[in-house]
file run33.pdb (PDB, C-alpha atoms)
ATOM      1  CA  MET A   1      38.276  96.788-124.826
ATOM      2  CA  LEU A   2      41.404  97.416-126.907
ATOM      3  CA  MET A   3      41.572  93.762-127.944
ATOM      4  CA  ALA A   4      37.925  93.852-129.042
ATOM      5  CA  LEU A   5      38.467  97.022-131.086
ATOM      6  CA  VAL A   6      41.526  95.559-132.789
ATOM      7  CA  GLY A   7      39.617  92.387-133.609
ATOM      8  CA  LEU A   8      36.705  94.392-134.987
ATOM      9  CA  ALA A   9      39.092  96.429-137.126
ATOM     10  CA  GLY A  10      40.623  93.264-138.560
ATOM     11  CA  LEU A  11      37.204  91.751-139.247
ATOM     12  CA  LEU A  12      35.923  94.877-140.997
ATOM     13  CA  PHE A  13      39.126  95.175-143.018
ATOM     14  CA  GLY A  14      38.756  91.603-144.258
ATOM     15  CA  LEU A  15      35.091  92.151-145.057
ATOM     16  CA  ALA A  16      35.903  95.407-146.875
ATOM     17  CA  ILE A  17      38.438  93.751-149.177
ATOM     18  CA  SER A  18      36.143  90.842-150.018
ATOM     19  CA  THR A  19      33.220  93.251-150.553
ATOM     20  CA  LEU A  20      35.207  95.417-152.968
ATOM     21  CA  LEU A  21      36.288  92.339-154.893
ATOM     22  CA  TYR A  22      32.655  91.183-154.997
ATOM     23  CA  ALA A  23      31.446  94.557-156.308
ATOM     24  CA  GLY A  24      34.131  94.647-158.986
ATOM     25  CA  THR A  25      33.418  91.070-160.056
ATOM     26  CA  ALA A  26      29.677  91.740-160.254
ATOM     27  CA  ALA A  27      30.339  94.795-162.428
ATOM     28  CA  ALA A  28      32.735  92.878-164.690
ATOM     29  CA  LEU A  29      30.306  90.002-165.151
ATOM     30  CA  GLY A  30      27.549  92.515-165.842
ATOM     31  CA  LEU A  31      29.372  93.609-168.987
ATOM     32  CA  ALA A  32      28.307  90.355-170.581
ATOM     33  CA  THR A  33      24.792  91.769-170.872
ATOM     34  CA  ILE A  34      25.911  94.984-172.542
ATOM     35  CA  GLY A  35      25.753  95.114-176.321
ATOM     36  CA  ASN A  36      25.693  98.815-177.059
ATOM     37  CA  ILE A  37      29.057  99.303-178.740
ATOM     38  CA  GLY A  38      27.322  99.856-182.047
ATOM     39  CA  GLY A  39      28.469  99.389-185.635
ATOM     40  CA  LEU A  40      28.816  96.313-187.758
ATOM     41  CA  LEU A  41      31.261  94.688-185.338
ATOM     42  CA  ALA A  42      28.929  94.941-182.362
ATOM     43  CA  PRO A  43      27.724  91.301-182.446
ATOM     44  CA  PHE A  44      31.334  90.124-182.374
ATOM     45  CA  LEU A  45      33.284  92.820-180.534
ATOM     46  CA  SER A  46      30.945  93.273-177.581
ATOM     47  CA  PRO A  47      31.127  89.646-176.353
ATOM     48  CA  VAL A  48      34.906  89.644-176.852
ATOM     49  CA  LEU A  49      35.407  92.818-174.840
ATOM     50  CA  ALA A  50      33.041  91.590-172.158
ATOM     51  CA  THR A  51      34.841  88.271-171.866
ATOM     52  CA  VAL A  52      38.310  89.823-171.798
ATOM     53  CA  THR A  53      37.286  92.438-169.249
ATOM     54  CA  ALA A  54      35.580  89.906-166.984
ATOM     55  CA  ALA A  55      38.495  87.451-167.230
ATOM     56  CA  SER A  56      41.024  90.200-166.511
ATOM     57  CA  TRP A  57      39.151  91.383-163.454
ATOM     58  CA  LEU A  58      38.642  87.855-162.158
ATOM     59  CA  SER A  59      42.392  87.287-162.427
ATOM     60  CA  VAL A  60      43.058  90.476-160.469
ATOM     61  CA  ALA A  61      40.421  89.552-157.871
ATOM     62  CA  VAL A  62      41.794  86.034-157.342
ATOM     63  CA  PHE A  63      45.358  87.343-157.067
ATOM     64  CA  THR A  64      44.333  90.067-154.610
ATOM     65  CA  LEU A  65      42.395  87.594-152.497
ATOM     66  CA  GLY A  66      45.344  85.208-152.415
ATOM     67  CA  VAL A  67      47.795  87.942-151.424
ATOM     68  CA  SER A  68      45.368  89.128-148.725
ATOM     69  CA  TYR A  69      45.168  85.634-147.233
ATOM     70  CA  VAL A  70      48.945  85.296-147.140
ATOM     71  CA  TRP A  71      49.296  88.751-145.600
ATOM     72  CA  GLY A  72      46.746  88.008-142.868
ATOM     73  CA  TYR A  73      48.378  84.662-142.133
ATOM     74  CA  VAL A  74      51.813  86.297-141.826
ATOM     75  CA  VAL A  75      50.497  89.044-139.542
ATOM     76  CA  ALA A  76      48.867  86.460-137.278
ATOM     77  CA  THR A  77      52.019  84.322-137.275
ATOM     78  CA  LEU A  78      54.299  87.196-136.313
ATOM     79  CA  GLY A  79      51.782  88.283-133.699
ATOM     80  CA  VAL A  80      51.688  84.969-131.881
ATOM     81  CA  LEU A  81      55.261  83.783-132.438
ATOM     82  CA  GLY A  82      57.201  86.990-132.998
ATOM     83  CA  PRO A  83      59.927  87.597-135.595
ATOM     84  CA  LEU A  84      62.123  84.964-133.932
ATOM     85  CA  ALA A  85      59.477  82.255-134.261
ATOM     86  CA  PRO A  86      60.437  78.677-133.371
ATOM     87  CA  LEU A  87      61.484  76.841-136.481
ATOM     88  CA  ALA A  88      60.889  73.240-135.483
ATOM     89  CA  THR A  89      58.826  70.993-133.238
ATOM     90  CA  PRO A  90      58.119  71.833-129.577
ATOM     91  CA  ALA A  91      61.085  71.791-127.237
ATOM     92  CA  PRO A  92      61.853  68.428-125.610
ATOM     93  CA  GLY A  93      60.419  67.916-122.162
ATOM     94  CA  ILE A  94      57.003  69.470-122.717
ATOM     95  CA  ALA A  95      54.640  67.239-120.784
ATOM     96  CA  THR A  96      51.459  69.256-121.090
ATOM     97  CA  PRO A  97      49.911  71.406-123.802
ATOM     98  CA  VAL A  98      51.448  74.874-123.929
ATOM     99  CA  ARG A  99      49.063  77.768-124.547
ATOM    100  CA  LEU A 100      50.584  80.586-126.583
ATOM    101  CA  ALA A 101      49.494  84.077-125.665
ATOM    102  CA  VAL A 102      47.041  86.160-127.649
ATOM    103  CA  THR A 103      48.492  89.453-128.901
ATOM    104  CA  LEU A 104      46.960  92.413-130.666
ATOM    105  CA  PRO A 105      48.648  91.674-134.044
ATOM    106  CA  GLU A 106      47.643  88.013-133.879
ATOM    107  CA  TYR A 107      44.029  88.789-133.077
ATOM    108  CA  PHE A 108      43.913  91.397-135.830
ATOM    109  CA  GLY A 109      45.294  88.914-138.358
ATOM    110  CA  ARG A 110      42.956  86.185-137.185
ATOM    111  CA  CYS A 111      39.861  88.364-137.449
ATOM    112  CA  PHE A 112      41.080  89.654-140.815
ATOM    113  CA  LEU A 113      41.161  86.073-142.112
ATOM    114  CA  ILE A 114      37.692  85.461-140.681
ATOM    115  CA  GLY A 115      36.436  88.573-142.480
ATOM    116  CA  LEU A 116      37.964  87.436-145.772
ATOM    117  CA  GLY A 117      36.349  84.023-145.445
ATOM    118  CA  ALA A 118      32.931  85.372-144.494
ATOM    119  CA  GLY A 119      32.939  87.966-147.268
ATOM    120  CA  THR A 120      34.108  85.484-149.889
ATOM    121  CA  ASN A 121      31.327  83.058-148.978
ATOM    122  CA  PHE A 122      28.758  85.815-149.382
ATOM    123  CA  ALA A 123      30.213  86.954-152.707
ATOM    124  CA  ALA A 124      30.287  83.459-154.180
ATOM    125  CA  TRP A 125      26.636  82.810-153.357
ATOM    126  CA  ALA A 126      25.473  86.309-154.324
ATOM    127  CA  LEU A 127      27.126  86.032-157.736
ATOM    128  CA  THR A 128      25.416  82.756-158.610
ATOM    129  CA  PRO A 129      22.055  82.667-160.426
ATOM    130  CA  VAL A 130      20.718  80.278-157.786
ATOM    131  CA  ALA A 131      17.420  81.443-156.321
ATOM    132  CA  GLY A 132      17.982  82.670-152.776
ATOM    133  CA  GLY A 133      21.745  82.875-153.281
ATOM    134  CA  VAL A 134      21.947  86.293-151.636
ATOM    135  CA  ILE A 135      20.008  85.026-148.624
ATOM    136  CA  VAL A 136      22.222  81.957-148.222
ATOM    137  CA  GLY A 137      25.313  84.105-148.672
ATOM    138  CA  THR A 138      24.126  86.569-146.042
ATOM    139  CA  ILE A 139      23.516  83.788-143.524
ATOM    140  CA  LEU A 140      26.975  82.351-144.150
ATOM    141  CA  LEU A 141      28.515  85.818-143.896
ATOM    142  CA  ILE A 142      26.912  86.523-140.521
ATOM    143  CA  THR A 143      27.628  83.120-139.003
ATOM    144  CA  GLY A 144      31.182  83.211-140.310
ATOM    145  CA  ALA A 145      31.893  86.703-139.000
ATOM    146  CA  LEU A 146      30.518  85.815-135.573
ATOM    147  CA  THR A 147      33.273  83.247-135.080
ATOM    148  CA  ALA A 148      35.392  86.215-134.014
ATOM    149  CA  VAL A 149      33.229  86.380-130.855
ATOM    150  CA  PRO A 150      34.866  84.242-128.129
ATOM    151  CA  ALA A 151      31.631  83.155-126.436
ATOM    152  CA  LEU A 152      30.334  81.740-129.714
ATOM    153  CA  SER A 153      33.518  80.320-131.191
ATOM    154  CA  ARG A 154      34.109  78.086-128.169
ATOM    155  CA  SER A 155      30.567  76.792-128.102
ATOM    156  CA  ARG A 156      30.032  73.105-128.832
ATOM    157  CA  ILE A 157      26.931  74.000-130.828
ATOM    158  CA  TYR A 158      28.576  76.790-132.789
ATOM    159  CA  GLN A 159      31.601  74.725-133.751
ATOM    160  CA  GLY A 160      29.203  72.065-134.999
ATOM    161  CA  LEU A 161      27.347  74.717-136.982
ATOM    162  CA  MET A 162      30.580  75.867-138.616
ATOM    163  CA  GLY A 163      31.707  72.341-139.416
ATOM    164  CA  TRP A 164      28.415  71.277-140.962
ATOM    165  CA  THR A 165      27.862  74.502-142.912
ATOM    166  CA  SER A 166      31.424  74.334-144.198
ATOM    167  CA  TRP A 167      30.006  72.100-146.928
ATOM    168  CA  LEU A 168      28.020  75.159-148.096
ATOM    169  CA  ARG A 169      30.886  77.639-147.796
ATOM    170  CA  PRO A 170      32.580  78.180-151.188
ATOM    171  CA  ALA A 171      35.705  79.545-149.514
ATOM    172  CA  SER A 172      36.245  76.191-147.807
ATOM    173  CA  TRP A 173      35.810  74.351-151.124
ATOM    174  CA  LEU A 174      39.339  75.432-152.013
ATOM    175  CA  ALA A 175      40.353  72.606-149.680
ATOM    176  CA  THR A 176      37.272  70.373-149.563
ATOM    177  CA  ALA A 177      37.031  69.942-153.339
ATOM    178  CA  PHE A 178      40.549  68.530-153.442
ATOM    179  CA  GLY A 179      39.719  66.429-150.398
ATOM    180  CA  LEU A 180      36.784  64.891-152.233
ATOM    181  CA  ILE A 181      38.944  64.028-155.240
ATOM    182  CA  LEU A 182      41.610  62.418-153.063
ATOM    183  CA  PHE A 183      38.943  60.594-151.054
ATOM    184  CA  VAL A 184      37.472  59.008-154.182
ATOM    185  CA  LEU A 185      40.876  58.026-155.595
ATOM    186  CA  ASN A 186      42.249  56.702-152.305
ATOM    187  CA  LEU A 187      39.129  54.907-151.045
ATOM    188  CA  PRO A 188      39.484  51.624-152.993
ATOM    189  CA  THR A 189      42.932  50.817-151.572
ATOM    190  CA  ALA A 190      41.901  51.897-148.067
ATOM    191  CA  LEU A 191      38.847  49.619-148.144
ATOM    192  CA  ALA A 192      40.879  46.781-149.620
ATOM    193  CA  ALA A 193      43.343  46.989-146.752
ATOM    194  CA  PHE A 194      41.065  47.642-143.770
ATOM    195  CA  GLY A 195      37.453  47.221-144.889
ATOM    196  CA  LEU A 196      34.831  49.566-143.457
ATOM    197  CA  ALA A 197      37.151  50.250-140.511
ATOM    198  CA  ALA A 198      39.006  52.588-142.853
ATOM    199  CA  LEU A 199      36.065  55.005-142.844
ATOM    200  CA  ARG A 200      34.760  57.156-140.016
ATOM    201  CA  PHE A 201      32.583  60.255-139.743
ATOM    202  CA  ASP A 202      32.951  62.968-137.119
ATOM    203  CA  PHE A 203      29.477  64.252-136.291
ATOM    204  CA  LEU A 204      31.005  67.107-134.273
ATOM    205  CA  THR A 205      32.494  68.795-137.349
ATOM    206  CA  ALA A 206      30.906  66.882-140.271
ATOM    207  CA  THR A 207      34.296  65.545-141.321
ATOM    208  CA  VAL A 208      34.908  62.343-143.275
ATOM    209  CA  GLU A 209      38.027  60.464-142.132
ATOM    210  CA  THR A 210      39.879  57.841-144.151
ATOM    211  CA  ALA A 211      42.520  55.657-142.513
ATOM    212  CA  GLY A 212      45.127  54.138-144.775
ATOM    213  CA  GLY A 213      45.218  53.907-148.547
ATOM    214  CA  THR A 214      48.002  53.918-151.097
ATOM    215  CA  LEU A 215      47.823  57.589-152.067
ATOM    216  CA  THR A 216      47.878  58.917-148.492
ATOM    217  CA  ALA A 217      50.844  56.726-147.581
ATOM    218  CA  ILE A 218      53.158  58.371-150.118
ATOM    219  CA  GLY A 219      56.011  60.064-148.305
ATOM    220  CA  ALA A 220      55.026  58.704-144.896
ATOM    221  CA  THR A 221      57.801  57.490-142.627
ATOM    222  CA  PRO A 222      57.414  53.748-141.966
ATOM    223  CA  GLY A 223      56.313  52.934-138.432
ATOM    224  CA  THR A 224      54.943  56.406-137.710
ATOM    225  CA  SER A 225      51.464  57.902-137.762
ATOM    226  CA  ARG A 226      50.567  61.068-139.575
ATOM    227  CA  GLY A 227      47.491  62.850-140.797
ATOM    228  CA  PHE A 228      46.460  65.723-143.000
ATOM    229  CA  ASN A 229      43.278  67.552-143.756
ATOM    230  CA  LEU A 230      41.572  68.917-146.862
ATOM    231  CA  GLY A 231      38.501  70.770-145.656
ATOM    232  CA  ASN A 232      35.816  68.310-144.599
ATOM    233  CA  PHE A 233      38.048  65.343-145.422
ATOM    234  CA  THR A 234      40.882  64.048-143.266
ATOM    235  CA  PHE A 235      43.368  61.287-144.046
ATOM    236  CA  VAL A 236      45.294  59.314-141.442
ATOM    237  CA  THR A 237      48.063  56.758-142.034
ATOM    238  CA  PRO A 238      49.096  54.010-141.744
ATOM    239  CA  GLY A 239      45.652  52.643-140.775
ATOM    240  CA  PRO A 240      42.833  52.578-138.201
ATOM    241  CA  ALA A 241      45.322  52.057-135.377
ATOM    242  CA  ALA A 242      46.538  55.628-135.964
ATOM    243  CA  THR A 243      43.090  57.128-135.383
ATOM    244  CA  GLY A 244      41.569  58.249-132.107
ATOM    245  CA  SER A 245      38.548  59.870-130.528
ATOM    246  CA  PHE A 246      37.186  62.952-132.233
ATOM    247  CA  ALA A 247      36.373  64.461-128.828
ATOM    248  CA  SER A 248      39.706  64.122-127.006
ATOM    249  CA  PRO A 249      43.366  65.051-127.603
ATOM    250  CA  THR A 250      44.193  62.766-130.553
ATOM    251  CA  LEU A 251      45.533  62.999-134.077
ATOM    252  CA  SER A 252      41.994  62.641-135.447
ATOM    253  CA  ALA A 253      40.731  65.537-133.333
ATOM    254  CA  HIS A 254      43.655  67.687-134.425
ATOM    255  CA  GLU A 255      42.815  67.102-138.070
ATOM    256  CA  THR A 256      39.187  68.113-137.540
ATOM    257  CA  GLY A 257      40.587  71.328-136.110
ATOM    258  CA  HIS A 258      41.761  72.026-139.656
ATOM    259  CA  THR A 259      38.163  71.491-140.800
ATOM    260  CA  LEU A 260      37.180  74.378-138.537
ATOM    261  CA  ASN A 261      40.062  76.440-139.911
ATOM    262  CA  ALA A 262      38.686  75.995-143.434
ATOM    263  CA  ALA A 263      35.154  76.814-142.284
ATOM    264  CA  ALA A 264      36.142  80.048-140.547
ATOM    265  CA  PHE A 265      39.057  81.299-142.633
ATOM    266  CA  GLY A 266      38.582  79.571-145.967
ATOM    267  CA  GLY A 267      40.341  76.579-147.482
ATOM    268  CA  LEU A 268      43.191  78.696-148.848
ATOM    269  CA  VAL A 269      44.551  78.940-145.301
ATOM    270  CA  ASN A 270      44.979  75.160-145.281
ATOM    271  CA  TRP A 271      47.275  75.415-148.303
ATOM    272  CA  VAL A 272      49.222  78.370-146.894
ATOM    273  CA  ASN A 273      49.627  76.438-143.664
ATOM    274  CA  ALA A 274      50.873  73.380-145.576
ATOM    275  CA  LEU A 275      53.637  75.499-147.145
ATOM    276  CA  ASP A 276      54.437  76.992-143.743
ATOM    277  CA  GLU A 277      54.534  73.652-141.946
ATOM    278  CA  ASN A 278      56.389  71.623-144.571
ATOM    279  CA  PRO A 279      59.230  72.438-146.960
ATOM    280  CA  PRO A 280      59.852  75.069-148.191
ATOM    281  CA  GLY A 281      58.598  76.227-144.786
ATOM    282  CA  VAL A 282      60.334  74.831-141.706
ATOM    283  CA  ARG A 283      58.015  75.800-138.855
ATOM    284  CA  GLY A 284      56.574  72.344-138.293
ATOM    285  CA  SER A 285      53.959  72.182-135.567
ATOM    286  CA  PHE A 286      54.576  75.864-134.812
ATOM    287  CA  ALA A 287      52.994  76.870-138.134
ATOM    288  CA  TYR A 288      50.083  79.176-137.355
ATOM    289  CA  GLY A 289      47.505  76.875-138.951
ATOM    290  CA  GLU A 290      48.826  73.982-136.859
ATOM    291  CA  LEU A 291      48.555  75.989-133.659
ATOM    292  CA  THR A 292      44.946  76.934-134.355
ATOM    293  CA  ALA A 293      44.045  73.355-135.275
ATOM    294  CA  GLU A 294      45.823  71.979-132.206
ATOM    295  CA  SER A 295      43.754  74.207-129.943
ATOM    296  CA  HIS A 296      40.684  72.142-130.881
ATOM    297  CA  PHE A 297      41.819  69.457-128.415
ATOM    298  CA  PRO A 298      45.413  70.180-127.290
ATOM    299  CA  ARG A 299      47.645  67.130-127.059
ATOM    300  CA  SER A 300      50.437  66.579-124.589
ATOM    301  CA  GLY A 301      53.739  67.851-125.883
ATOM    302  CA  PHE A 302      52.293  70.354-128.336
ATOM    303  CA  ALA A 303      51.989  74.110-128.318
ATOM    304  CA  PHE A 304      48.578  75.456-129.263
ATOM    305  CA  GLY A 305      46.643  78.638-129.438
ATOM    306  CA  PRO A 306      46.197  81.322-129.257
ATOM    307  CA  GLY A 307      43.285  81.433-126.877
ATOM    308  CA  GLY A 308      42.364  77.753-127.072
ATOM    309  CA  GLY A 309      42.257  75.344-124.211
ATOM    310  CA  PRO A 310      39.771  73.413-122.104
ATOM    311  CA  VAL A 311      36.508  75.259-121.668
ATOM    312  CA  PRO A 312      33.791  73.832-119.393
ATOM    313  CA  ARG A 313      30.856  72.306-121.275
ATOM    314  CA  ALA A 314      32.307  73.344-124.625
ATOM    315  CA  PHE A 315      34.750  72.083-127.163
ATOM    316  CA  VAL A 316      38.012  73.904-127.448
ATOM    317  CA  GLY A 317      37.851  76.704-129.957
ATOM    318  CA  PHE A 318      40.672  78.221-131.920
ATOM    319  CA  TRP A 319      39.503  81.753-131.350
ATOM    320  CA  THR A 320      40.168  83.932-128.335
TER     321      THR A 320
END
call {"tool": "encode", "arguments": {"input": "run33.pdb", "output": "structure tokens"}}
result
Amino acid sequence: MLMALVGLAGLLFGLAISTLLYAGTAAALGLATIGNIGGLLAPFLSPVLATVTAASWLSVAVFTLGVSYVWGYVVATLGVLGPLAPLATPAPGIATPVRLAVTLPEYFGRCFLIGLGAGTNFAAWALTPVAGGVIVGTILLITGALTAVPALSRSRIYQGLMGWTSWLRPASWLATAFGLILFVLNLPTALAAFGLAALRFDFLTATVETAGGTLTAIGATPGTSRGFNLGNFTFVTPGPAATGSFASPTLSAHETGHTLNAAAFGGLVNWVNALDENPPGVRGSFAYGELTAESHFPRSGFAFGPGGGPVPRAFVGFWT
């Protein structure tokens, strides 16, 4: 009961922040329709004031949202790893996946991130002039917020729903948009090297995978395999031999776990995780975003969690 209450508090807190930012943004943008300053300068001064006010508020809103994401990520990290968090890869000798325990701070931080993502998706759609934007935003808000419910988040069907609808979730575009750009730029060299074998599509999470390519090989250690994710796009090097099943403990499945991270939390978490995992961060595979992605299909020798692991008749979720 206590765990559920803490999770609910985190979810509502995240939703409250994103809702306040939405209300303020809507009010700021509404100034563009106001032209009642009066006087000879009205035709010129009113649009200027409206633009400056809206731009100023948008800057504050974006900054606040970014700080909130970092704060939630840090709270979750400290909750699952503690202040003396491991600073490198798993300890030698680990032969099986190691499940890290769920704690109250971690679950609060996790649900807070879910609330931020769900609220941001609603706000983005509600603020657009697209017909039915509020309805679409409401659906994305509800489905996103419900990922905090364990019975749903571990469901094969629900994970598929989150992966596929991630394409409609503006919060995830903070990663997916960059993934699309890199995909287009990297595709010619990947196809030249491996043909159509360089491309795969994961129907479980609606993720496009590219194997190989000049741009994704930059910085890779020769003779080793690596992968990274940008929303609904994943990139694996050095080529198709580095890929694996999307429905078993492989590098490819781990990367699609990041797709689910972006869908539930928002793409900004992918970038925060990248800084946590790589320099200037030094946490490696113990970075919180790596742990949640690894819990999709835990691989031997890796820690994962919290709360993930094999679940009968369901894919592994990264929620409790």
call {"tool": "atom_distance", "arguments": {"input": "run33.pdb", "atom1": "CA of Thr165 (chain A)", "atom2": "CA of Gly144 (chain A)"}}
result
9.7 Å
call {"tool": "residues_near_point", "arguments": {"input": "run33.pdb", "point": "(40.3, 58.4, -132.5)", "cutoff": "12 Å", "atoms": "all atoms listed in the file", "output": "count of residues only"}}
result
30
call {"tool": "atom_distance", "arguments": {"input": "run33.pdb", "atom1": "CA of His296 (chain A)", "atom2": "CA of Thr120 (chain A)"}}
result
24.1 Å
call {"tool": "axis_aligned_box", "arguments": {"input": "run33.pdb", "around": "region 254-273 of chain A", "padding_each_side": "8 Å", "output": "AutoDock Vina command-line options"}}
result
--center_x 42.4 --center_y 74.2 --center_z -141.6 --size_x 30.5 --size_y 30.2 --size_z 30.4
call {"tool": "residues_near_point", "arguments": {"input": "run33.pdb", "point": "(41.5, 80.9, -148.0)", "cutoff": "10 Å", "atoms": "all atoms listed in the file", "output": "number ranges by chain"}}
result
A: 65-66, 68-70, 73, 113-114, 116-117, 120, 170-175, 261-272
call {"tool": "residues_around", "arguments": {"input": "run33.pdb", "residues": "Gly163 (chain A)", "least_positions_apart": "3", "cutoff": "6 Å", "atoms": "all atoms listed in the file", "output": "ChimeraX atom specification"}}
result
/A:160,166,205-206,260
call {"tool": "atom_distance", "arguments": {"input": "run33.pdb", "atom1": "CA of Met162 (chain A)", "atom2": "CA of Arg110 (chain A)"}}
result
16.2 Å
call {"tool": "closest_residue", "arguments": {"input": "run33.pdb", "among": "A:Ala193, A:Val208, A:Ile181, A:Val75", "to": "Pro238 (chain A)", "atoms": "only C-alpha atoms"}}
result
A:Ala193
call {"tool": "residues_around", "arguments": {"input": "run33.pdb", "residues": "Leu2 (chain A)", "least_positions_apart": "2", "cutoff": "12 Å", "atoms": "all atoms listed in the file", "output": "count of residues only"}}
result
11
call {"tool": "resolve_selection", "arguments": {"input": "run33.pdb", "expression": "the PyMOL selection byres ((chain A and resi 183-188) around 12)", "output": "JSON, numbers by chain"}}
result
{"A": [176, 177, 178, 179, 180, 181, 182, 189, 190, 191, 192, 193, 194, 195, 196, 197, 198, 199, 207, 208, 209, 210, 211, 212, 213, 214, 215, 216, 217, 218, 229, 230, 231, 232, 233, 234, 235, 236, 237]}
call {"tool": "residues_around", "arguments": {"input": "run33.pdb", "residues": "Thr25 (chain A)", "least_positions_apart": "3", "cutoff": "8 Å", "atoms": "all atoms listed in the file", "output": "list of chain:residue names"}}
result
A:Leu21, A:Tyr22, A:Ala28, A:Leu29, A:Ala54, A:Trp57, A:Leu58, A:Ala61
call {"tool": "resolve_selection", "arguments": {"input": "run33.pdb", "expression": "the PyMOL selection byres ((chain A and resi 121) around 8)", "output": "list in words"}}
result
Gly117, Ala118, Gly119, Thr120, Phe122, Ala123, Ala124, Trp125, Gly137, Leu140, Leu141, Arg169, Pro170 and Ala171 of chain A
call {"tool": "write_last_selection", "arguments": {"input": "run33.pdb", "atoms": "C-alpha atoms", "output": "PDB file, in the frame of the given file"}}
result
ATOM      1  CA  GLY A 117      36.349  84.023-145.445  1.00  0.00           C
ATOM      2  CA  ALA A 118      32.931  85.372-144.494  1.00  0.00           C
ATOM      3  CA  GLY A 119      32.939  87.966-147.268  1.00  0.00           C
ATOM      4  CA  THR A 120      34.108  85.484-149.889  1.00  0.00           C
ATOM      5  CA  PHE A 122      28.758  85.815-149.382  1.00  0.00           C
ATOM      6  CA  ALA A 123      30.213  86.954-152.707  1.00  0.00           C
ATOM      7  CA  ALA A 124      30.287  83.459-154.180  1.00  0.00           C
ATOM      8  CA  TRP A 125      26.636  82.810-153.357  1.00  0.00           C
ATOM      9  CA  GLY A 137      25.313  84.105-148.672  1.00  0.00           C
ATOM     10  CA  LEU A 140      26.975  82.351-144.150  1.00  0.00           C
ATOM     11  CA  LEU A 141      28.515  85.818-143.896  1.00  0.00           C
ATOM     12  CA  ARG A 169      30.886  77.639-147.796  1.00  0.00           C
ATOM     13  CA  PRO A 170      32.580  78.180-151.188  1.00  0.00           C
ATOM     14  CA  ALA A 171      35.705  79.545-149.514  1.00  0.00           C
TER      15      ALA A 171
END
